[in-house]
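Chemist: Sharing data.cif here; it has mmCIF, C-alpha atoms (C1' of nucleotides).
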```
data_protein
loop_
_atom_site.label_atom_id
_atom_site.label_comp_id
_atom_site.auth_asym_id
_atom_site.auth_seq_id
_atom_site.Cartn_x
_atom_site.Cartn_y
_atom_site.Cartn_z
CA MET A 293 0.00 0.00 0.00
CA PRO A 294 2.11 2.85 -1.30
CA GLU A 295 -0.20 5.67 -0.35
CA ASN A 296 -2.38 4.96 2.65
CA ARG A 297 -2.05 8.50 3.96
CA GLU A 298 -5.45 9.60 5.22
CA THR A 299 -6.89 6.20 4.27
CA LYS A 300 -8.96 7.57 1.36
CA LYS A 301 -7.06 8.18 -1.83
CA ARG A 302 -9.44 10.52 -3.50
CA SER A 303 -10.94 10.84 -6.88
CA GLY A 304 -10.25 14.50 -6.38
CA THR A 305 -13.87 15.52 -6.05
CA LYS A 306 -13.39 17.20 -2.71
CA GLU A 307 -10.55 19.29 -4.11
CA LYS A 308 -12.65 20.15 -7.14
CA ILE A 309 -15.47 21.27 -4.87
CA LEU A 310 -13.13 23.47 -2.88
CA LYS A 311 -11.60 25.01 -5.96
CA THR A 312 -15.01 25.80 -7.38
CA ALA A 313 -16.26 27.06 -4.05
CA ILE A 314 -13.33 29.44 -3.74
CA THR A 315 -14.14 31.05 -7.06
CA LEU A 316 -17.82 31.39 -6.26
CA PHE A 317 -17.56 32.50 -2.64
CA CYS A 318 -14.82 35.00 -3.42
CA ASN A 319 -16.80 36.59 -6.19
CA HIS A 320 -20.34 36.42 -4.83
CA GLY A 321 -19.96 35.95 -1.10
CA TYR A 322 -21.67 33.45 1.15
CA LYS A 323 -25.26 34.37 0.43
CA GLY A 324 -24.59 34.88 -3.24
CA THR A 325 -23.29 31.36 -3.66
CA SER A 326 -25.65 28.37 -3.59
CA VAL A 327 -24.81 24.75 -2.99
CA ARG A 328 -26.63 24.07 -6.23
CA LYS A 329 -24.28 26.33 -8.16
CA ILE A 330 -21.17 24.86 -6.60
CA ALA A 331 -22.30 21.31 -7.34
CA SER A 332 -23.36 22.09 -10.88
CA ASN A 333 -20.06 23.86 -11.61
CA VAL A 334 -18.21 20.85 -10.27
CA GLY A 335 -20.36 18.57 -12.36
CA ILE A 336 -22.07 16.63 -9.60
CA ARG A 337 -25.45 16.69 -7.86
CA GLU A 338 -26.01 18.58 -4.66
CA SER A 339 -26.55 15.38 -2.75
CA ALA A 340 -23.11 14.17 -3.81
CA LEU A 341 -21.55 17.28 -2.34
CA TYR A 342 -22.89 16.31 1.06
CA ASN A 343 -20.69 13.24 0.97
CA HIS A 344 -17.70 15.54 1.24
CA PHE A 345 -18.98 18.33 3.47
CA LYS A 346 -21.52 18.39 6.24
CA ASN A 347 -23.22 21.48 4.90
CA LYS A 348 -22.73 24.76 3.06
CA GLU A 349 -21.15 26.47 6.03
CA GLU A 350 -18.50 23.79 6.34
CA VAL A 351 -17.51 24.35 2.73
CA PHE A 352 -17.33 28.06 3.37
CA LEU A 353 -15.26 27.71 6.52
CA GLU A 354 -12.83 25.50 4.67
CA VAL A 355 -12.52 28.16 1.97
CA ALA A 356 -12.26 31.05 4.41
CA LYS A 357 -9.77 29.28 6.64
CA ASN A 358 -6.81 30.99 5.02
CA ILE A 359 -8.39 34.40 4.84
CA PHE A 360 -5.82 35.96 7.15
CA ASN A 361 -2.91 33.73 6.25
CA SER A 362 -0.27 35.97 4.85
CA PRO A 363 2.40 34.10 2.89
CA PHE A 364 4.80 36.99 3.53
CA ALA A 365 5.06 37.50 7.25
CA MET A 366 8.20 39.14 8.61
CA LYS A 367 9.93 37.75 11.67
CA GLU A 368 10.51 39.96 14.68
CA GLU A 369 14.30 40.04 14.42
CA GLU A 370 14.17 40.51 10.69
CA ILE A 371 12.16 43.68 11.18
CA LYS A 372 14.58 45.32 13.55
CA GLU A 373 17.50 44.38 11.39
CA THR A 374 16.04 45.51 8.11
CA ALA A 375 14.63 48.69 9.62
CA LEU A 376 18.17 49.98 9.93
CA ARG A 377 18.26 50.15 6.19
CA GLY A 378 15.59 52.86 6.23
CA LYS A 379 13.91 53.32 2.89
CA ASN A 380 15.04 49.89 1.90
CA PHE A 381 12.86 48.40 4.61
CA LEU A 382 9.84 50.27 3.35
CA GLN A 383 10.52 49.12 -0.17
CA LYS A 384 10.74 45.54 0.97
CA PHE A 385 7.58 45.80 3.02
CA VAL A 386 5.67 47.37 0.15
CA MET A 387 6.94 44.84 -2.32
CA GLN A 388 5.50 42.09 -0.16
CA TYR A 389 2.24 44.01 0.16
CA LYS A 390 2.17 44.41 -3.58
CA MET A 391 2.80 40.74 -4.18
CA LEU A 392 -0.08 39.99 -1.84
CA THR A 393 -2.26 42.32 -3.82
CA PHE A 394 -1.56 40.55 -7.08
CA ASP A 395 -1.19 37.00 -5.81
CA LYS A 396 -4.21 35.12 -7.13
CA GLN A 397 -5.05 33.33 -3.91
CA SER A 398 -4.46 36.33 -1.67
CA GLU A 399 -6.52 38.45 -4.01
CA ASN A 400 -9.41 36.01 -3.74
CA MET A 401 -9.19 35.99 0.03
CA PHE A 402 -9.13 39.77 0.07
CA LYS A 403 -12.23 39.93 -2.11
CA LEU A 404 -13.99 37.49 0.16
CA LEU A 405 -12.94 39.50 3.18
CA MET A 406 -14.27 42.72 1.70
CA ILE A 407 -17.59 41.08 0.80
CA GLU A 408 -18.16 39.43 4.15
CA LEU A 409 -16.60 42.06 6.40
CA MET A 410 -19.77 44.08 6.69
CA GLN A 411 -21.90 41.06 7.48
CA ASN A 412 -19.75 39.15 9.89
CA LYS A 413 -18.76 40.48 13.27
CA GLU A 414 -16.05 37.90 13.82
CA LEU A 415 -14.39 38.84 10.56
CA ARG A 416 -14.46 42.50 11.53
CA GLU A 417 -12.66 41.74 14.75
CA GLN A 418 -10.14 39.56 12.97
CA PHE A 419 -9.62 42.27 10.40
CA MET A 420 -8.77 44.72 13.14
CA SER A 421 -6.45 42.41 15.01
CA ASP A 422 -4.88 40.27 12.33
CA PHE A 423 -4.94 42.55 9.38
CA HIS A 424 -4.61 46.00 10.83
CA ASN A 425 -2.88 45.68 14.18
CA LYS A 426 -0.34 43.18 12.97
CA ASN A 427 0.79 45.47 10.20
CA ILE A 428 0.76 48.52 12.43
CA LYS A 429 2.90 46.68 14.95
CA THR A 430 5.46 45.66 12.36
CA LEU A 431 5.68 49.13 10.90
CA SER A 432 5.73 50.86 14.27
CA GLU A 433 8.68 48.80 15.36
CA ALA A 434 10.51 49.61 12.18
CA PHE A 435 9.84 53.33 12.39
CA PHE A 436 10.85 53.30 16.03
CA VAL A 437 14.19 51.80 15.11
CA MET A 438 14.61 54.32 12.31
CA MET A 439 13.89 57.19 14.69
CA GLN A 440 16.30 55.84 17.27
CA ASN A 441 18.98 55.71 14.65
CA GLY A 442 18.37 59.16 13.31
CA LEU A 443 17.19 57.96 9.93
CA VAL A 444 13.81 59.65 10.09
CA ARG A 445 12.30 62.59 11.92
CA SER A 446 11.17 61.63 15.37
CA GLY A 447 7.51 61.46 16.22
CA ASP A 448 4.92 58.88 17.19
CA PRO A 449 5.91 55.66 15.39
CA MET A 450 2.34 54.37 15.51
CA MET A 451 1.05 57.47 13.78
CA VAL A 452 3.65 57.27 11.09
CA ALA A 453 2.85 53.59 10.67
CA TYR A 454 -0.83 54.41 10.33
CA GLU A 455 -0.17 57.01 7.67
CA PHE A 456 2.04 54.62 5.77
CA LEU A 457 -0.28 51.62 5.98
CA SER A 458 -3.51 53.40 5.16
CA THR A 459 -2.30 54.35 1.72
CA LEU A 460 -1.20 50.79 1.02
CA PHE A 461 -4.65 49.56 1.94
CA TYR A 462 -6.35 52.08 -0.28
CA ILE A 463 -4.19 51.15 -3.25
CA ARG A 464 -4.95 47.48 -2.69
CA PHE A 465 -8.62 48.22 -2.29
CA GLN A 466 -8.77 50.10 -5.56
CA ILE A 467 -6.77 47.51 -7.44
CA THR A 468 -9.10 44.81 -6.18
CA LEU A 469 -12.09 46.77 -7.45
CA LEU A 470 -10.51 47.22 -10.87
CA ARG A 471 -9.56 43.59 -11.18
CA PHE A 472 -13.11 42.58 -10.38
CA ASP A 473 -13.99 43.98 -13.76
CA ALA A 474 -10.78 42.90 -15.45
CA LYS A 475 -9.75 46.52 -15.89
CA SER A 476 -6.16 47.65 -16.22
CA THR A 477 -4.32 48.27 -12.98
CA ASP A 478 -1.13 49.59 -14.53
CA ALA A 479 -1.50 53.11 -13.17
CA LEU A 480 -2.23 51.88 -9.68
CA ALA A 481 0.43 49.19 -9.63
CA THR A 482 3.18 51.80 -9.78
CA GLN A 483 1.43 53.75 -7.04
CA PHE A 484 2.99 51.41 -4.51
CA GLU A 485 6.52 52.49 -5.40
CA LYS A 486 5.53 56.12 -5.71
CA HIS A 487 4.05 55.93 -2.26
CA VAL A 488 7.35 54.74 -0.80
CA ASP A 489 9.26 57.50 -2.59
CA ILE A 490 6.95 60.29 -1.50
CA PHE A 491 6.60 58.96 2.00
CA TRP A 492 10.30 58.49 2.52
CA GLU A 493 11.02 61.99 1.32
CA SER A 494 8.53 63.32 3.81
CA ILE A 495 9.96 61.59 6.87
CA LYS A 496 13.68 61.19 6.24
CA LEU A 497 16.17 63.32 8.08
CA MET B 291 -57.63 72.01 -2.09
CA PRO B 292 -54.81 73.14 0.11
CA GLU B 293 -52.48 70.27 -0.65
CA ASN B 294 -52.97 68.71 -4.04
CA ARG B 295 -49.22 68.36 -4.55
CA GLU B 296 -48.61 64.96 -6.10
CA THR B 297 -52.36 64.22 -5.94
CA LYS B 298 -51.97 61.55 -3.23
CA LYS B 299 -51.65 62.86 0.27
CA ARG B 300 -50.10 59.87 1.88
CA SER B 301 -50.79 57.92 5.00
CA GLY B 302 -47.03 57.86 5.27
CA THR B 303 -46.71 54.18 4.52
CA LYS B 304 -44.33 54.70 1.62
CA GLU B 305 -42.07 56.84 3.81
CA LYS B 306 -42.22 54.25 6.54
CA ILE B 307 -41.24 51.55 4.08
CA LEU B 308 -38.30 53.58 2.88
CA LYS B 309 -37.12 54.36 6.36
CA THR B 310 -37.27 50.70 7.33
CA ALA B 311 -35.65 49.64 4.08
CA ILE B 312 -32.73 52.00 4.65
CA THR B 313 -31.98 50.43 8.00
CA LEU B 314 -32.21 46.90 6.68
CA PHE B 315 -30.41 47.37 3.37
CA CYS B 316 -27.60 49.37 4.97
CA ASN B 317 -27.00 46.73 7.60
CA HIS B 318 -27.59 43.53 5.66
CA GLY B 319 -27.26 44.48 2.01
CA TYR B 320 -29.58 43.66 -0.87
CA LYS B 321 -29.52 39.88 -0.61
CA GLY B 322 -29.60 39.95 3.16
CA THR B 323 -32.81 41.94 3.22
CA SER B 324 -36.12 40.32 2.30
CA VAL B 325 -39.33 42.01 1.29
CA ARG B 326 -40.92 39.99 4.08
CA LYS B 327 -38.65 41.53 6.66
CA ILE B 328 -39.20 45.06 5.40
CA ALA B 329 -42.97 44.61 5.38
CA SER B 330 -43.09 42.98 8.78
CA ASN B 331 -40.91 45.69 10.30
CA VAL B 332 -43.21 48.32 8.81
CA GLY B 333 -46.21 46.45 10.11
CA ILE B 334 -47.88 45.54 6.85
CA ARG B 335 -48.11 42.47 4.62
CA GLU B 336 -45.76 41.92 1.74
CA SER B 337 -48.56 42.32 -0.75
CA ALA B 338 -49.31 45.78 0.64
CA LEU B 339 -45.74 46.83 -0.04
CA TYR B 340 -46.26 46.17 -3.71
CA ASN B 341 -48.84 48.95 -3.75
CA HIS B 342 -46.01 51.39 -3.17
CA PHE B 343 -43.15 49.83 -5.09
CA LYS B 344 -43.02 47.72 -8.21
CA ASN B 345 -40.62 45.24 -6.66
CA LYS B 346 -37.75 44.78 -4.27
CA GLU B 347 -35.24 46.30 -6.63
CA GLU B 348 -37.24 49.50 -6.93
CA VAL B 349 -37.21 49.87 -3.16
CA PHE B 350 -33.48 49.31 -3.17
CA LEU B 351 -32.82 51.80 -5.93
CA GLU B 352 -34.83 54.41 -4.10
CA VAL B 353 -32.74 53.78 -0.99
CA ALA B 354 -29.45 53.72 -2.86
CA LYS B 355 -30.26 56.85 -4.88
CA ASN B 356 -28.40 59.09 -2.49
CA ILE B 357 -25.43 56.81 -2.03
CA PHE B 358 -23.02 59.29 -3.60
CA ASN B 359 -24.81 62.44 -2.56
CA SER B 360 -22.39 64.34 -0.41
CA PRO B 361 -24.01 67.04 1.71
CA PHE B 362 -20.64 68.81 1.94
CA ALA B 363 -19.44 69.48 -1.58
CA MET B 364 -17.03 72.36 -2.10
CA LYS B 365 -17.48 74.77 -4.96
CA GLU B 366 -14.69 75.26 -7.46
CA GLU B 367 -13.93 78.87 -6.50
CA GLU B 368 -14.15 78.11 -2.84
CA ILE B 369 -11.42 75.51 -3.21
CA LYS B 370 -8.94 77.87 -4.88
CA GLU B 371 -9.67 80.58 -2.38
CA THR B 372 -9.45 78.44 0.72
CA ALA B 373 -6.39 76.60 -0.53
CA LEU B 374 -4.40 79.78 -0.02
CA ARG B 375 -4.88 79.28 3.68
CA GLY B 376 -2.77 76.11 3.54
CA LYS B 377 -3.25 73.92 6.54
CA ASN B 378 -6.54 75.62 7.24
CA PHE B 379 -7.90 74.23 3.99
CA LEU B 380 -6.89 70.71 4.94
CA GLN B 381 -8.51 71.13 8.33
CA LYS B 382 -11.72 72.29 6.74
CA PHE B 383 -11.71 69.47 4.22
CA VAL B 384 -11.08 66.88 6.89
CA MET B 385 -13.71 68.32 9.16
CA GLN B 386 -16.26 67.83 6.40
CA TYR B 387 -14.98 64.32 5.79
CA LYS B 388 -15.27 63.62 9.47
CA MET B 389 -18.80 64.96 9.63
CA LEU B 390 -19.66 62.69 6.73
CA THR B 391 -18.19 59.77 8.61
CA PHE B 392 -20.35 60.36 11.65
CA ASP B 393 -23.47 61.70 9.95
CA LYS B 394 -26.12 59.02 10.44
CA GLN B 395 -27.41 59.05 6.89
CA SER B 396 -24.01 59.28 5.27
CA GLU B 397 -22.79 56.50 7.49
CA ASN B 398 -25.64 54.29 6.38
CA MET B 399 -24.94 55.02 2.74
CA PHE B 400 -21.26 54.25 3.26
CA LYS B 401 -22.12 50.93 4.88
CA LEU B 402 -24.41 50.09 2.00
CA LEU B 403 -21.72 51.07 -0.46
CA MET B 404 -19.14 48.86 1.22
CA ILE B 405 -21.52 45.91 1.30
CA GLU B 406 -22.61 46.17 -2.31
CA LEU B 407 -19.39 47.42 -3.87
CA MET B 408 -18.00 43.97 -4.43
CA GLN B 409 -21.19 42.68 -5.99
CA ASN B 410 -22.20 45.53 -8.23
CA LYS B 411 -20.13 46.66 -11.17
CA GLU B 412 -22.00 49.93 -11.59
CA LEU B 413 -21.34 50.86 -8.00
CA ARG B 414 -17.65 50.12 -8.43
CA GLU B 415 -17.48 52.48 -11.36
CA GLN B 416 -19.38 55.15 -9.49
CA PHE B 417 -17.12 54.69 -6.51
CA MET B 418 -14.11 55.36 -8.69
CA SER B 419 -15.56 58.38 -10.45
CA ASP B 420 -17.80 60.00 -7.85
CA PHE B 421 -16.13 59.01 -4.68
CA HIS B 422 -12.47 58.78 -5.53
CA ASN B 423 -11.87 60.99 -8.53
CA LYS B 424 -14.00 63.83 -7.26
CA ASN B 425 -12.07 64.02 -4.03
CA ILE B 426 -8.74 63.65 -5.76
CA LYS B 427 -9.66 66.47 -8.10
CA THR B 428 -10.61 68.80 -5.28
CA LEU B 429 -7.49 68.03 -3.30
CA SER B 430 -5.19 68.19 -6.33
CA GLU B 431 -6.42 71.65 -7.16
CA ALA B 432 -5.86 72.78 -3.63
CA PHE B 433 -2.36 71.33 -3.40
CA PHE B 434 -1.54 72.84 -6.78
CA VAL B 435 -2.51 76.27 -5.51
CA MET B 436 -0.49 75.72 -2.36
CA MET B 437 2.56 74.74 -4.39
CA GLN B 438 2.18 77.74 -6.67
CA ASN B 439 2.11 79.97 -3.64
CA GLY B 440 5.07 78.42 -1.94
CA LEU B 441 3.10 77.06 0.95
CA VAL B 442 4.10 73.44 0.44
CA ARG B 443 6.97 71.62 -1.21
CA SER B 444 6.43 71.24 -4.92
CA GLY B 445 5.71 67.85 -6.41
CA ASP B 446 2.90 66.06 -8.18
CA PRO B 447 -0.34 67.49 -6.70
CA MET B 448 -2.25 64.34 -7.63
CA MET B 449 0.19 62.15 -5.75
CA VAL B 450 0.03 64.31 -2.68
CA ALA B 451 -3.76 64.29 -2.94
CA TYR B 452 -3.75 60.52 -3.15
CA GLU B 453 -1.58 60.19 -0.06
CA PHE B 454 -3.80 62.57 1.84
CA LEU B 455 -7.10 61.03 0.79
CA SER B 456 -6.16 57.39 1.26
CA THR B 457 -5.61 57.86 4.96
CA LEU B 458 -8.96 59.61 5.33
CA PHE B 459 -10.64 56.68 3.63
CA TYR B 460 -8.94 54.17 5.87
CA ILE B 461 -9.96 56.03 9.00
CA ARG B 462 -13.54 56.18 7.79
CA PHE B 463 -13.46 52.53 6.85
CA GLN B 464 -12.25 51.50 10.28
CA ILE B 465 -14.70 53.74 12.09
CA THR B 466 -17.53 52.26 10.07
CA LEU B 467 -16.44 48.77 11.06
CA LEU B 468 -16.32 49.71 14.74
CA ARG B 469 -19.69 51.39 14.66
CA PHE B 470 -21.20 48.29 13.12
CA ASP B 471 -20.64 46.64 16.45
CA ALA B 472 -21.35 49.75 18.50
CA LYS B 473 -17.75 49.90 19.65
CA SER B 474 -16.02 53.05 20.77
CA THR B 475 -14.49 55.14 18.02
CA ASP B 476 -12.88 57.73 20.27
CA ALA B 477 -9.32 56.77 19.41
CA LEU B 478 -10.01 56.84 15.70
CA ALA B 479 -12.08 60.01 15.73
CA THR B 480 -9.06 62.07 16.74
CA GLN B 481 -7.02 60.34 14.07
CA PHE B 482 -8.53 62.72 11.54
CA GLU B 483 -6.97 65.75 13.19
CA LYS B 484 -3.72 63.97 13.85
CA HIS B 485 -3.56 63.07 10.19
CA VAL B 486 -3.82 66.72 9.19
CA ASP B 487 -1.11 67.71 11.65
CA ILE B 488 1.31 65.02 10.60
CA PHE B 489 0.61 65.49 6.93
CA TRP B 490 0.97 69.23 7.01
CA GLU B 491 4.26 69.00 8.82
CA SER B 492 5.53 66.65 6.15
CA ILE B 493 4.65 68.86 3.17
CA LYS B 494 4.87 72.44 4.39
CA LEU B 495 7.72 74.66 3.35
"C1'" DG C 200 -54.48 50.57 0.51
"C1'" DT C 201 -54.56 46.47 3.12
"C1'" DC C 202 -55.69 41.88 3.72
"C1'" DT C 203 -55.82 36.47 2.66
"C1'" DA C 204 -54.56 33.14 -0.34
"C1'" DT C 205 -51.77 31.32 -3.60
"C1'" DA C 206 -48.43 30.65 -7.37
"C1'" DT C 207 -43.66 30.04 -8.37
"C1'" DT C 208 -38.81 29.80 -7.73
"C1'" DT C 209 -34.79 29.00 -5.36
"C1'" DG C 210 -32.01 27.01 -1.93
"C1'" DG C 211 -30.51 23.75 1.79
"C1'" DA C 212 -30.72 19.21 3.03
"C1'" DT C 213 -31.95 13.98 3.43
"C1'" DA C 214 -33.35 8.97 1.99
"C1'" DG C 215 -32.44 5.25 -0.44
"C1'" DA C 216 -31.24 2.79 -4.91
"C1'" DC C 217 -27.13 1.60 -7.55
"C1'" DG D 250 -19.53 8.16 -4.03
"C1'" DT D 251 -23.01 9.41 -7.14
"C1'" DC D 252 -27.54 9.42 -8.61
"C1'" DT D 253 -32.94 10.25 -8.46
"C1'" DA D 254 -36.50 11.68 -5.83
"C1'" DT D 255 -38.27 14.29 -2.44
"C1'" DC D 256 -38.97 17.47 1.44
"C1'" DC D 257 -39.06 21.77 3.59
"C1'" DA D 258 -38.30 26.57 4.22
"C1'" DA D 259 -37.84 31.07 2.59
"C1'" DA D 260 -38.44 34.50 -0.70
"C1'" DT D 261 -40.49 37.20 -4.72
"C1'" DA D 262 -44.59 38.26 -6.59
"C1'" DT D 263 -49.69 38.32 -8.07
"C1'" DA D 264 -55.01 37.90 -7.74
"C1'" DG D 265 -58.90 39.21 -5.82
"C1'" DA D 266 -61.93 40.19 -1.66
"C1'" DC D 267 -62.85 44.03 1.57
#
```
Translate the structure of the given file into C-alpha cells.
Modeler:
Amino acid sequence: MPENRETKKRSGTKEKILKTAITLFCNHGYKGTSVRKIASNVGIRESALYNHFKNKEEVFLEVAKNIFNSPFAMKEEEIKETALRGKNFLQKFVMQYKMLTFDKQSENMFKLLMIELMQNKELREQFMSDFHNKNIKTLSEAFFVMMQNGLVRSGDPMMVAYEFLSTLFYIRFQITLLRFDAKSTDALATQFEKHVDIFWESIKL
Amino acid sequence: MPENRETKKRSGTKEKILKTAITLFCNHGYKGTSVRKIASNVGIRESALYNHFKNKEEVFLEVAKNIFNSPFAMKEEEIKETALRGKNFLQKFVMQYKMLTFDKQSENMFKLLMIELMQNKELREQFMSDFHNKNIKTLSEAFFVMMQNGLVRSGDPMMVAYEFLSTLFYIRFQITLLRFDAKSTDALATQFEKHVDIFWESIKL
DNA sequence: GTCTATATTTGGATAGAC
DNA sequence: GTCTATCCAAATATAGAC
C-alpha cells in the first residue's frame, strides 16, 4: 500500500469542490453562492456534495480558513534588522504588500474578506487584530528603530505607521475593485513604489 | 384644495417603508434583506408593499439613490480661495470628511456602499468616479494652488492628494467597522486631526 | 391601501437505490 | 460516491376580496 495517507485516496472531487467554491464565494460571497451552483459547476449533484462536506457552512469555513494567512510575514528580528536600512525596509515591506495584492489566492481571500466584512462580526474583529494591528505593529517597530537611529524625523511611530499603511490599503482596495472587472491596474500598480518614494522623502532626516 | 401636490396625500406608509428599508439594506445588504422583513418591520403584509413599489429592486434603488450624494461638496472657486490658507484648507476638508463619517445618513450610505461594492459593477465604477476621482480632483487643485504659492513643497499634486485622501478613507473605513458593532471610536475620531497635523508638517515649506 | 390566499422559484438538506 | 426523488423553508410576486 504505497499511499495509505489519510486512508482515502481521493478521486479528487473534494478538491474540485473546494476550488469551485473558492471562485464562487470570493466573487459572490456566502449568500450569493448556492450549494446548487457549486455542485453544478463541479459537475455533480447537490446530494453528492454532502458526501464531502456536512453542509454549506463547512464548505465556506474551509474556503475562508486561510483568509488571514499571509504568505509573507516578517519575523521579529528581521524587522529590527532591516529597519536599519531605512527606505530599503519600506521598499521591501511594500513589495510584499504588492505581491499579496496581485497574488491570485491572496486576491481572492481579500475579495472574500471585503464582501463578508460588513456582514460578519467575527471577521471585523479579525480584520482589526490580524490585518490592521499586525501590520501597524510591524511598521511601528521599524519606524521606532529608524527614529532611534536618526534615519527619520522623530515622532509617534504608531502614527507614522498608520499614515504609511492606510495608503497601502487604499491602493490594494482600488486595485481589487478594478480587477473585479478585469480593468487595467497599470497606473495603480506603480502607485505602490511612488508611495514609498513620497513617503520616505517626507519623513527622512 | 390646500395640498394637491402629487395628488396623493399619503398615510405615510411609503415613507415608513423607505425608512425601514434604509436600516435593513444598509446593515444587511440587498440579498440579506427580504421584502418579508421590510414589510413585517413596517407592520404591513408583503402584498401591501407592492402597492407602493413595483418590486424589491425598486425599493433598493430608491434607498441607494443618495449613495453618492455628499451634503458637503465644495465649490470650485471656494477651493482655490481656501487653498491659499494652507493647513486651514486641509482642516476644513477633513472636518467635512469627518462629519460625513459620523453623519447618520451618510454612514448608512457608506455601509451600504461597502456591502454592495463587491457585488455591483456599476457601484464600483461610481465609486471610482464619484467618490475617488471627485475628491482627488478637489485636493489636487488645492495642493496645486499651495505649491504655486510656496506654501508646500512642490511635487505632483495628484500624488500628494492621493496620499492625503487614502488615509482619510482608511480612518472612515475603520470607524464604520467599529460602529457596526457599536464599539467606541474615540481613538479613531481624533485620528482625523492627527492626520492633518502630521501630513501638514511633512509637506509644508 | 390592506388583507388572505396562492403561485412560483430558489435554496438547503436527506433517503435510499445503484 | 453518485444518482434520483423528495422534502421543507424562505423568498419574490400576483389575484382578488374588503
Chemist: When the PyMOL selection byres ((chain C) within 10 of (chain B)) is applied to the structure above, which residues does it catch, written out as a PyMOL selection string?
Modeler: chain C and resi 200-203
Chemist: Just to be explicit: take each residue in the selection above, keep C-alpha atoms (C1' of nucleotides), and write the result as a PDB file, keeping the file's coordinate frame.
Modeler:
```
ATOM      1  C1'  DG C 200     -54.480  50.570   0.510  1.00  0.00           C
ATOM      2  C1'  DT C 201     -54.560  46.470   3.120  1.00  0.00           C
ATOM      3  C1'  DC C 202     -55.690  41.880   3.720  1.00  0.00           C
ATOM      4  C1'  DT C 203     -55.820  36.470   2.660  1.00  0.00           C
TER       5       DT C 203
END
```
Chemist: Counting all atoms listed in the file, a student should be able to say which residues of chain B come within 12 Å of chain D; what is the right answer, written as a list in words?
Modeler: Lys321, Gly322, Thr323, Ser324, Val325, Arg326, Lys327, Glu336, Ser337, Ala338, Leu339, Tyr340, Asn341, Phe343, Lys344, Asn345, Lys346 and Glu347 of chain B
Chemist: Could you build a table of the residues in chain A lying no more than 9 Å from chain B, giving for each the nearest pair of atoms and their separation in Å rounded to one decimal place, using all atoms listed in the file, ordered by chain and ascending residue number, as a Markdown table?
Modeler:
```
| residue | atom | partner | partner_atom | distance |
| --- | --- | --- | --- | --- |
| A:Asn319 | CA | B:Gln409 | CA | 7.5 |
| A:His320 | CA | B:Gln409 | CA | 6.4 |
| A:Gly321 | CA | B:Gln409 | CA | 8.4 |
| A:Lys323 | CA | B:Lys321 | CA | 7.0 |
| A:Gly324 | CA | B:Lys321 | CA | 7.5 |
| A:Lys403 | CA | B:Met408 | CA | 7.4 |
| A:Leu404 | CA | B:Met408 | CA | 8.9 |
| A:Met406 | CA | B:Met408 | CA | 7.3 |
| A:Ile407 | CA | B:Met408 | CA | 6.0 |
| A:Glu408 | CA | B:Ile405 | CA | 7.8 |
| A:Leu409 | CA | B:Ile405 | CA | 8.1 |
| A:Met410 | CA | B:Ile405 | CA | 6.0 |
| A:Gln411 | CA | B:His318 | CA | 6.5 |
| A:Lys413 | CA | B:Asp471 | CA | 7.2 |
| A:Arg416 | CA | B:Leu467 | CA | 6.6 |
| A:Glu417 | CA | B:Leu468 | CA | 8.8 |
| A:Met420 | CA | B:Gln464 | CA | 8.1 |
| A:Met451 | CA | B:Lys484 | CA | 8.1 |
| A:Val452 | CA | B:Ile488 | CA | 8.1 |
| A:Tyr454 | CA | B:Thr457 | CA | 8.0 |
| A:Glu455 | CA | B:Thr457 | CA | 6.1 |
| A:Phe456 | CA | B:Thr457 | CA | 8.3 |
| A:Leu457 | CA | B:Thr457 | CA | 8.3 |
| A:Ser458 | CA | B:Thr457 | CA | 4.9 |
| A:Thr459 | CA | B:Ser456 | CA | 4.9 |
| A:Leu460 | CA | B:Ser456 | CA | 8.3 |
| A:Phe461 | CA | B:Tyr460 | CA | 7.4 |
| A:Tyr462 | CA | B:Ser456 | CA | 5.5 |
| A:Ile463 | CA | B:Ser456 | CA | 7.9 |
| A:Gln466 | CA | B:Met418 | CA | 8.1 |
| A:Leu469 | CA | B:Arg414 | CA | 6.6 |
| A:Leu470 | CA | B:Arg414 | CA | 8.1 |
| A:Phe472 | CA | B:Met408 | CA | 7.8 |
| A:Asp473 | CA | B:Lys411 | CA | 7.2 |
| A:Gln483 | CA | B:Met449 | CA | 8.6 |
| A:Lys486 | CA | B:Met449 | CA | 8.1 |
| A:His487 | CA | B:Glu453 | CA | 7.4 |
| A:Ile490 | CA | B:Val450 | CA | 8.1 |
| A:Phe491 | CA | B:Glu453 | CA | 8.5 |
| A:Glu493 | CA | B:Ser492 | CA | 8.7 |
| A:Ser494 | CA | B:Ser492 | CA | 5.1 |
| A:Ile495 | CA | B:Ser492 | CA | 6.8 |
```
Chemist: Which distance in Å separates atom CA of Ala375 of chain A and atom CA of Tyr389 of chain A, to one decimal?
Modeler: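 Between atom CA of Ala375 of chain A and atom CA of Tyr389 of chain A the gap is 16.3 Å.
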Chemist: Between atom CA of Met450 of chain A and atom CA of Ile428 of chain A, measure the distance and give it in Å to one decimal.
Modeler: 6.8 Å
Chemist: Just how far from atom CA of Glu370 of chain A is atom CA of Phe423 of chain A, in Å to one decimal?
Modeler: 19.3 Å
Chemist: Between A:Ser446, A:Ser362, A:Ser476, A:Asn333, which has the minimum distance to Phe402 of chain A (counting all atoms listed in the file)?
Modeler: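 Of A:Ser446, A:Ser362, A:Ser476, A:Asn333, the one nearest Phe402 of chain A is A:Ser362, counting all atoms listed in the file.
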Chemist: Using all atoms listed in the file, which protein or nucleic acid residues come within 10 Å of Lys311 of chain A? Drop anything in the same chain fewer than 4 positions from it, and give the result as a PyMOL selection string.
Modeler: chain A and resi 305-307+315-316+330+334+355
Chemist: Neighbours of Phe360 of chain A within 10 Å (all atoms listed in the file; same-chain residues fewer than 2 positions away dropped), as a ChimeraX atom specification?
Modeler: /A:356-358,362-363,398,401-402,405,415,418-419,422-423
Chemist: Have a look at B:Lys382, B:Lys370, B:Lys377, B:Arg462 and name the one nearest to Glu431 of chain B; count all atoms listed in the file.
Modeler: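 Among the listed residues, the smallest separation from Glu431 of chain B belongs to B:Lys370.
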Chemist: Applied to this file, what does the PyMOL selection byres ((chain A and resi 434-436) around 9) return in terms of residues, put as number ranges by chain?
Modeler: A: 371-376, 378, 381-382, 429-433, 437-441, 444, 446-450, 452-453
